[in-house]
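Containing mmCIF, C-alpha atoms: final.cif.
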```
data_model
loop_
_atom_site.label_atom_id
_atom_site.label_comp_id
_atom_site.auth_asym_id
_atom_site.auth_seq_id
_atom_site.Cartn_x
_atom_site.Cartn_y
_atom_site.Cartn_z
CA MET A 1 162.46 103.93 32.49
CA ILE A 2 164.37 104.32 35.74
CA TYR A 3 161.29 103.32 37.75
CA ALA A 4 159.70 100.70 35.52
CA VAL A 5 162.98 98.82 35.03
CA TRP A 6 163.13 97.87 38.71
CA ILE A 7 159.74 96.13 38.75
CA PRO A 8 160.88 92.96 36.93
CA LEU A 9 163.82 92.70 39.34
CA LEU A 10 161.60 92.99 42.43
CA MET A 11 158.57 91.00 41.27
CA PRO A 12 160.08 87.50 41.85
CA PHE A 13 160.28 88.28 45.57
CA VAL A 14 156.51 88.88 45.52
CA ALA A 15 155.69 85.83 43.39
CA VAL A 16 157.51 83.19 45.43
CA PRO A 17 155.20 83.22 48.51
CA ALA A 18 152.19 82.66 46.24
CA ALA A 19 153.99 79.87 44.39
CA ARG A 20 154.60 77.96 47.62
CA ARG A 21 150.85 77.69 48.16
CA LEU A 22 150.11 76.76 44.58
CA ALA A 23 151.34 73.15 44.52
CA ASP A 24 149.00 72.09 47.34
CA ALA A 25 145.95 74.06 46.26
CA LEU A 26 145.76 73.44 42.49
CA SER A 27 145.60 70.28 40.43
CA PRO A 28 149.15 68.98 39.79
CA VAL A 29 149.07 69.53 36.02
CA ARG A 30 147.84 73.13 36.32
CA ALA A 31 150.35 73.82 39.09
CA VAL A 32 153.27 72.54 36.99
CA ARG A 33 152.29 74.60 33.96
CA LEU A 34 151.77 77.78 35.96
CA LEU A 35 154.96 77.37 37.98
CA ALA A 36 157.01 76.72 34.85
CA SER A 37 155.51 79.70 33.02
CA THR A 38 156.08 81.95 36.01
CA ALA A 39 159.68 80.85 36.55
CA VAL A 40 160.67 81.22 32.90
CA GLY A 41 158.74 84.46 32.38
CA LEU A 42 160.08 86.21 35.49
CA ALA A 43 163.61 85.06 34.67
CA LEU A 44 163.39 86.48 31.15
CA PHE A 45 161.90 89.78 32.27
CA SER A 46 164.46 90.26 35.05
CA THR A 47 167.26 89.53 32.57
CA LEU A 48 165.81 92.08 30.15
CA ALA A 49 165.73 94.61 32.99
CA LEU A 50 169.46 94.11 33.58
CA VAL A 51 170.10 94.66 29.87
CA LEU A 52 168.13 97.90 30.00
CA LEU A 53 170.21 99.06 32.97
CA VAL A 54 173.43 98.44 31.04
CA VAL A 55 172.56 100.54 27.98
CA PRO A 56 172.42 104.07 29.49
CA GLY A 57 175.80 103.69 31.19
CA ALA A 58 177.34 102.02 28.15
CA THR A 59 176.40 104.94 25.91
CA ARG A 60 178.63 107.15 28.05
CA LEU A 61 181.53 105.45 26.33
CA SER A 62 182.53 107.29 23.18
CA ALA A 63 182.87 104.10 21.14
CA VAL A 64 179.34 102.98 22.00
CA ALA A 65 177.94 106.46 21.40
CA ALA A 66 179.60 106.54 17.97
CA VAL A 67 178.13 103.17 17.01
CA GLY A 68 174.68 104.36 18.07
CA GLU A 69 175.16 107.71 16.32
CA LEU A 70 174.28 109.55 19.52
CA VAL A 71 174.78 113.31 19.48
CA LYS A 72 174.21 113.67 23.23
CA PRO A 73 174.16 111.42 26.31
CA LEU A 74 171.32 108.94 26.47
CA ALA A 75 170.40 109.47 30.10
CA ASP A 76 169.81 112.68 31.99
CA ALA A 77 171.22 111.14 35.16
CA ALA A 78 174.79 111.91 36.16
CA PRO A 79 177.53 109.58 34.90
CA ASP A 80 178.53 108.74 38.48
CA VAL A 81 175.14 107.00 38.79
CA THR A 82 174.55 105.43 35.38
CA VAL A 83 178.06 104.10 34.81
CA PRO A 84 178.46 102.15 38.10
CA LEU A 85 174.89 100.89 37.73
CA ALA A 86 175.60 99.68 34.21
CA ALA A 87 178.83 98.02 35.34
CA ALA A 88 177.02 96.17 38.15
CA ALA A 89 174.22 95.08 35.82
CA LEU A 90 176.74 93.90 33.22
CA ALA A 91 178.59 91.86 35.84
CA LEU A 92 175.33 90.23 36.92
CA LEU A 93 174.43 89.45 33.31
CA ALA A 94 177.82 87.89 32.67
CA GLY A 95 177.54 85.80 35.82
CA CYS A 96 174.04 84.62 34.89
CA ALA A 97 175.07 83.78 31.33
CA LEU A 98 178.07 81.77 32.54
CA ALA A 99 176.03 79.92 35.19
CA VAL A 100 173.23 79.09 32.73
CA ALA A 101 175.71 77.87 30.11
CA ARG A 102 177.47 75.62 32.62
CA ALA A 103 174.18 74.25 33.99
CA ALA A 104 172.86 73.53 30.48
CA ARG A 105 176.09 71.74 29.58
CA ARG A 106 175.98 69.65 32.77
CA HIS A 107 172.33 68.76 32.14
CA TRP A 108 173.06 67.70 28.57
CA ALA A 109 176.05 65.63 29.67
CA ALA A 110 173.96 63.97 32.40
CA LEU A 111 171.25 63.12 29.86
CA HIS A 112 173.86 61.62 27.55
CA ARG A 113 175.33 59.48 30.35
CA ALA A 114 171.87 58.41 31.49
CA GLY A 115 171.01 57.27 27.98
CA VAL A 116 173.81 54.67 28.01
CA PRO A 117 172.94 51.79 30.41
CA ALA A 118 175.94 50.56 32.35
CA ASP A 119 174.85 46.93 31.90
CA GLY A 120 174.25 47.33 28.18
CA SER A 121 170.53 46.53 28.49
CA ASP A 122 168.11 47.97 25.97
CA GLY A 123 164.47 48.72 26.78
CA GLU A 124 162.24 50.71 29.08
CA LEU A 125 163.04 48.79 32.26
CA THR A 126 166.47 48.08 33.73
CA VAL A 127 166.65 45.83 36.79
CA VAL A 128 169.83 46.25 38.84
CA ARG A 129 171.01 43.51 41.19
CA ASP A 130 171.29 45.48 44.40
CA SER A 131 169.90 44.74 47.85
CA ARG A 132 169.28 48.44 48.48
CA PRO A 133 165.68 49.38 47.57
CA ASP A 134 165.67 52.08 44.92
CA ALA A 135 163.77 53.05 41.78
CA TYR A 136 163.94 56.08 39.52
CA ALA A 137 163.27 57.34 36.01
CA LEU A 138 166.17 58.31 33.76
CA PRO A 139 165.13 60.71 30.98
CA GLY A 140 166.81 60.30 27.64
CA LEU A 141 168.12 62.65 25.00
CA PRO A 142 165.61 64.24 22.57
CA GLY A 143 164.02 61.45 20.58
CA SER A 144 164.81 58.88 23.27
CA PRO A 145 162.05 57.65 25.61
CA GLY A 146 164.36 57.18 28.59
CA ARG A 147 164.22 54.21 30.92
CA ILE A 148 163.17 53.09 34.38
CA VAL A 149 165.81 51.74 36.76
CA VAL A 150 164.75 49.56 39.70
CA THR A 151 166.83 47.45 42.08
CA THR A 152 166.04 43.90 43.10
CA GLY A 153 165.84 45.18 46.66
CA MET A 154 162.94 47.47 45.75
CA LEU A 155 161.15 44.71 43.84
CA ARG A 156 161.34 42.46 46.91
CA ALA A 157 160.03 45.23 49.16
CA LEU A 158 156.73 45.57 47.23
CA ASP A 159 153.94 43.22 46.29
CA PRO A 160 152.99 42.81 42.59
CA ALA A 161 150.25 45.47 42.61
CA GLU A 162 152.56 47.95 44.32
CA ARG A 163 155.31 47.23 41.80
CA ASP A 164 152.92 48.04 38.98
CA ALA A 165 152.00 51.33 40.66
CA LEU A 166 155.65 52.25 41.24
CA LEU A 167 156.60 51.51 37.64
CA ALA A 168 153.59 53.48 36.40
CA HIS A 169 154.74 56.42 38.50
CA GLU A 170 158.23 56.37 37.02
CA ARG A 171 156.82 55.85 33.52
CA ALA A 172 154.69 59.00 33.96
CA HIS A 173 157.88 60.98 34.60
CA LEU A 174 159.30 59.79 31.29
CA VAL A 175 156.14 60.27 29.24
CA GLY A 176 155.57 63.76 30.66
CA ARG A 177 159.24 64.76 30.14
CA HIS A 178 159.19 66.08 33.68
CA HIS A 179 162.93 66.63 33.73
CA LEU A 180 162.46 69.53 31.30
CA PHE A 181 160.24 71.37 33.79
CA LEU A 182 162.81 70.86 36.54
CA ALA A 183 165.58 72.05 34.23
CA ALA A 184 163.57 75.17 33.38
CA ALA A 185 163.08 75.94 37.08
CA GLU A 186 166.79 75.43 37.79
CA LEU A 187 167.91 77.64 34.90
CA ALA A 188 165.43 80.34 35.93
CA ALA A 189 166.84 80.24 39.45
CA LEU A 190 170.27 81.05 38.03
CA CYS A 191 168.84 84.25 36.53
CA HIS A 192 167.30 85.53 39.78
CA PRO A 193 168.04 84.33 43.34
CA ALA A 194 164.42 84.58 44.50
CA LEU A 195 163.36 82.00 41.91
CA ARG A 196 165.38 79.30 43.67
CA SER A 197 162.41 78.80 45.99
CA LEU A 198 160.28 77.62 43.05
CA ARG A 199 162.32 74.41 42.73
CA ALA A 200 160.66 72.71 45.73
CA PRO A 201 157.01 73.39 44.78
CA MET A 202 157.81 72.44 41.18
CA GLY A 203 159.30 69.12 42.30
CA PHE A 204 156.30 68.42 44.53
CA ALA A 205 153.82 69.20 41.75
CA LEU A 206 155.67 66.92 39.32
CA GLU A 207 155.65 64.05 41.81
CA ARG A 208 151.93 64.61 42.32
CA CYS A 209 151.40 64.41 38.54
CA ALA A 210 153.17 61.05 38.48
CA ASP A 211 151.21 59.89 41.56
CA GLU A 212 147.90 60.62 39.85
CA ALA A 213 149.06 58.89 36.68
CA ALA A 214 150.02 55.81 38.71
CA ALA A 215 146.66 55.76 40.48
CA THR A 216 144.89 55.94 37.12
CA ALA A 217 147.08 53.19 35.63
CA VAL A 218 146.42 50.66 38.41
CA GLY A 219 142.84 51.79 38.99
CA ASP A 220 143.24 52.04 42.77
CA ARG A 221 144.38 55.15 44.61
CA ARG A 222 145.00 53.21 47.82
CA VAL A 223 147.38 50.83 46.05
CA ALA A 224 149.25 53.78 44.54
CA ALA A 225 149.47 55.49 47.92
CA ARG A 226 150.65 52.29 49.60
CA ALA A 227 153.29 51.70 46.92
CA ILE A 228 154.74 55.18 47.28
CA GLY A 229 154.72 55.03 51.06
CA ARG A 230 156.31 51.57 51.27
CA ALA A 231 158.90 52.41 48.61
CA ALA A 232 159.90 55.56 50.50
CA LEU A 233 160.13 53.70 53.83
CA ALA A 234 162.19 50.91 52.28
CA ALA A 235 164.60 53.34 50.64
CA ARG A 236 164.98 55.33 53.85
CA ALA A 237 165.51 52.22 55.98
CA ALA A 238 168.27 51.11 53.62
CA GLU A 239 170.00 54.48 54.00
CA GLU A 240 170.36 54.64 50.25
CA ALA A 241 173.49 56.31 48.94
CA GLU A 242 173.34 59.31 46.68
CA SER A 243 174.22 57.19 43.66
CA ARG A 244 171.43 58.29 41.34
CA PRO A 245 172.26 60.35 38.28
CA ARG A 246 171.56 64.03 38.68
CA VAL A 247 168.67 64.00 36.19
CA ALA A 248 166.88 61.06 37.83
CA LEU A 249 163.32 61.46 39.11
CA ALA A 250 162.19 59.11 41.88
CA ALA A 251 158.87 58.23 43.51
CA THR A 252 160.54 58.40 46.92
CA ALA A 253 161.51 62.06 46.50
CA GLY A 254 159.84 65.04 48.11
CA PRO A 255 157.32 65.20 50.98
CA VAL A 256 155.90 61.67 50.71
CA PRO A 257 153.34 62.00 53.58
CA ARG A 258 151.68 64.97 51.84
CA ARG A 259 151.54 63.04 48.58
CA VAL A 260 150.02 59.99 50.25
CA GLU A 261 147.39 62.16 51.94
CA ALA A 262 146.50 63.69 48.58
CA LEU A 263 146.11 60.26 46.98
CA LEU A 264 143.91 59.04 49.81
CA GLY A 265 141.75 62.15 49.65
CA ARG A 266 142.70 63.25 53.16
CA ALA A 267 144.22 66.55 52.13
CA THR A 268 141.98 69.52 52.82
CA PRO A 269 140.74 71.04 49.53
CA ARG A 270 141.60 74.73 49.25
CA PRO A 271 140.17 75.95 45.95
CA ARG A 272 140.03 79.57 47.09
CA VAL A 273 143.69 79.51 48.08
CA GLY A 274 144.55 77.94 44.73
CA ARG A 275 142.64 80.55 42.76
CA ALA A 276 144.14 83.37 44.80
CA ALA A 277 147.69 82.03 44.41
CA ALA A 278 147.22 81.48 40.67
CA SER A 279 145.81 84.99 40.25
CA ALA A 280 148.72 86.45 42.21
CA LEU A 281 151.28 84.63 40.06
CA LEU A 282 149.60 85.68 36.83
CA ALA A 283 149.41 89.27 38.08
CA CYS A 284 153.12 89.23 38.93
CA LEU A 285 153.94 87.83 35.51
CA VAL A 286 151.79 90.37 33.64
CA LEU A 287 153.03 93.31 35.71
CA SER A 288 156.65 92.28 35.26
CA GLY A 289 156.20 91.91 31.50
CA ALA A 290 154.33 95.19 31.17
CA ALA A 291 157.02 97.03 33.15
CA ALA A 292 159.78 95.50 31.02
CA LEU A 293 158.00 96.52 27.82
CA ASP A 294 157.38 100.02 29.16
CA ALA A 295 161.04 100.40 30.12
CA THR A 296 162.07 99.13 26.68
CA HIS A 297 159.80 101.67 24.98
CA ASP A 298 161.19 104.49 27.13
CA LEU A 299 164.73 103.45 26.28
CA HIS A 300 163.93 103.41 22.58
CA SER A 301 162.45 106.91 22.84
CA SER A 302 165.54 108.11 24.71
CA ILE A 303 167.78 106.73 21.97
CA GLU A 304 165.80 108.64 19.34
CA VAL A 305 166.14 111.85 21.33
CA ALA A 306 169.87 111.27 21.82
CA GLN A 307 170.22 110.84 18.06
CA GLY A 308 168.60 114.22 17.51
CA GLU A 309 165.32 112.75 16.30
CA SER A 310 161.79 113.26 17.53
CA PRO A 311 160.51 110.25 19.50
CA GLN A 312 157.82 108.20 17.74
CA TYR A 313 154.70 107.26 19.70
#
```
Take the structure from the file and write it as structure tokens.
Amino acid sequence: MIYAVWIPLLMPFVAVPAARRLADALSPVRAVRLLASTAVGLALFSTLALVLLVVPGATRLSAVAAVGELVKPLADAAPDVTVPLAAAALALLAGCALAVARAARRHWAALHRAGVPADGSDGELTVVRDSRPDAYALPGLPGSPGRIVVTTGMLRALDPAERDALLAHERAHLVGRHHLFLAAAELAALCHPALRSLRAPMGFALERCADEAAATAVGDRRVAARAIGRAALAARAAEEAESRPRVALAATAGPVPRRVEALLGRATPRPRVGRAAASALLACLVLSGAAALDATHDLHSSIEVAQGESPQY
């Protein structure tokens, strides 16, 4: 177990470089699904690895050994190795659990606040009287469709066709429940520091999903590209304040030039890079899971031996 248990902890460092190439090389929907699966899977397996590191050191305590009915120490390694290692792993687990709980509570509170319009309006679209150009999607609580918020400044900055494209983009965020994918990536990043780098490619892939949905809704990719570009320029020129709710998703977010190039078909297709990156991520996920399962099986066998039983295979 001592060797296999480290693989899930090291694998996220290998997966992140491949993930950075994924958002550009794969279709947006496939990229989102693969990035989300990778982030959640690697976070779970690395957390399981920390749990497995805690157990051998914990069984050195007489109270734990009595509960487990152990007649001899679980690990052959010296206590001066297993005990400090278990203490460090336990501290990391406690820190992760606290950070995840706080983040989940903040996210839930932000969703609750977002679901109550400040102007008391009811419906999908809320128009705010504000000269600063801005538009974003506010997801709602489970069972709530959420709503789109747009300022009068943004409406004036776009022509009617561009407004339709912008609203279709924000609507795609709500229909696809894109905030859940971002929340999953953020919670995974709290479980392993290397997974923080997945937040940017995940955000880009989600914006690309909404871009494609907007282009389909208005039936013109050039109109969708123009709407996103003009909305981003207008918002930047207005030096918009960071007044959006934390859970808001906006068409002006992320690397807009890359998104416009993709809509206009100017981005260079890289199917081989996409397949290679996807294969690398899947391999990392499978290897991490297999190592975690192998370490779990070894730990179970060690417990049986420590209880004076013959290990079952």
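Straight-line separation from CA of Ala227 in chain A to CA of Leu26 in chain A: 23.4 Å.
Here the PyMOL selection byres ((chain A and resi 96-108) around 9) matches the residues Thr47, Ala91, Leu92, Leu93, Ala94, Gly95, Ala109, Ala110, Leu111, His112, Arg113, Leu141, Ala183, Glu186, Leu187, Ala188, Leu190, Cys191, His192, Arg246 and Val247 of chain A.
For range 129-140 of chain A, the set of protein, DNA and RNA residues having any atom at most 7 Å away, when counting only C-alpha atoms and skipping those fewer than 2 positions along the same chain, is A:Leu111, A:Ala114, A:Gly115, A:Val127, A:Pro142, A:Ser144, A:Pro145, A:Gly146, A:Arg147, A:Ile148, A:Val149, A:Val150, A:Thr151, A:Thr152, A:Gly153, A:Met154, A:Glu170, A:His173, A:Leu174, A:His179, A:Ala234, A:Ala235, A:Ala238, A:Glu240, A:Val247, A:Ala248, A:Leu249, A:Ala250, A:Ala251.
Excluding Leu90 in chain A itself and same-chain residues fewer than 2 positions from it, the residues having an atom within 12 Å of it are Thr47, Leu48, Ala49, Leu50, Val51, Leu52, Leu53, Val54, Val55, Pro56, Gly57, Ala58, Thr82, Val83, Pro84, Leu85, Ala86, Ala87, Ala88, Leu92, Leu93, Ala94, Gly95, Cys96 and Ala97 of chain A, counting only C-alpha atoms.
Counting all atoms listed in the file and comparing A:Asp80, A:Glu124, A:Asp24, A:Glu162, the residue that lies closest to Gly229 in chain A is A:Glu162.
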List as a ChimeraX atom specification the protein and nucleic acid residues near range 196-204 of chain A, meaning an atom at most 8 Å away when only C-alpha atoms are counted, but skip any in the same chain fewer than 4 places from it.
/A:16,19-20,22-23,31-32,35-36,39,181-182,185-186,188-190,192,208,254-255
Restricted to C-alpha atoms, what would the selected residues look like written as a short mmCIF file (atom, residue, chain, number, x, y, z; two decimals), in the frame of the given file?
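Once everything was written out, this is again-v7.cif:
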```cif
data_model
loop_
_atom_site.label_atom_id
_atom_site.label_comp_id
_atom_site.auth_asym_id
_atom_site.auth_seq_id
_atom_site.Cartn_x
_atom_site.Cartn_y
_atom_site.Cartn_z
CA VAL A 16 157.51 83.19 45.43
CA ALA A 19 153.99 79.87 44.39
CA ARG A 20 154.60 77.96 47.62
CA LEU A 22 150.11 76.76 44.58
CA ALA A 23 151.34 73.15 44.52
CA ALA A 31 150.35 73.82 39.09
CA VAL A 32 153.27 72.54 36.99
CA LEU A 35 154.96 77.37 37.98
CA ALA A 36 157.01 76.72 34.85
CA ALA A 39 159.68 80.85 36.55
CA PHE A 181 160.24 71.37 33.79
CA LEU A 182 162.81 70.86 36.54
CA ALA A 185 163.08 75.94 37.08
CA GLU A 186 166.79 75.43 37.79
CA ALA A 188 165.43 80.34 35.93
CA ALA A 189 166.84 80.24 39.45
CA LEU A 190 170.27 81.05 38.03
CA HIS A 192 167.30 85.53 39.78
CA ARG A 208 151.93 64.61 42.32
CA GLY A 254 159.84 65.04 48.11
CA PRO A 255 157.32 65.20 50.98
#
```
For the PyMOL selection byres ((chain A and resi 226) around 10), applied here, can you spell out every residue it catches as a ChimeraX atom specification?
/A:158,161-162,165-166,221-225,227-232,260,263-264
Would you mind exporting C-alpha atoms of the selected residues as a CSV table (one decimal), keeping the file's coordinate frame?
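Below you can see part.csv, which holds the result:
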```csv
chain,number,residue,atom,x,y,z
A,158,LEU,CA,156.7,45.6,47.2
A,161,ALA,CA,150.2,45.5,42.6
A,162,GLU,CA,152.6,48.0,44.3
A,165,ALA,CA,152.0,51.3,40.7
A,166,LEU,CA,155.6,52.2,41.2
A,221,ARG,CA,144.4,55.2,44.6
A,222,ARG,CA,145.0,53.2,47.8
A,223,VAL,CA,147.4,50.8,46.0
A,224,ALA,CA,149.2,53.8,44.5
A,225,ALA,CA,149.5,55.5,47.9
A,227,ALA,CA,153.3,51.7,46.9
A,228,ILE,CA,154.7,55.2,47.3
A,229,GLY,CA,154.7,55.0,51.1
A,230,ARG,CA,156.3,51.6,51.3
A,231,ALA,CA,158.9,52.4,48.6
A,232,ALA,CA,159.9,55.6,50.5
A,260,VAL,CA,150.0,60.0,50.2
A,263,LEU,CA,146.1,60.3,47.0
A,264,LEU,CA,143.9,59.0,49.8
```
If I take CA of Ala25 in chain A and CA of Val273 in chain A, how far is one from the other in Å, to one decimal?
6.2 Å
Since I can't run it myself right now, could you work out what the PyMOL selection byres ((chain A and resi 3) around 12) selects here and report it as JSON, numbers by chain?
{"A": [1, 2, 4, 5, 6, 7, 8, 9, 10, 49, 52, 53, 291, 292, 294, 295, 296, 298, 299]}
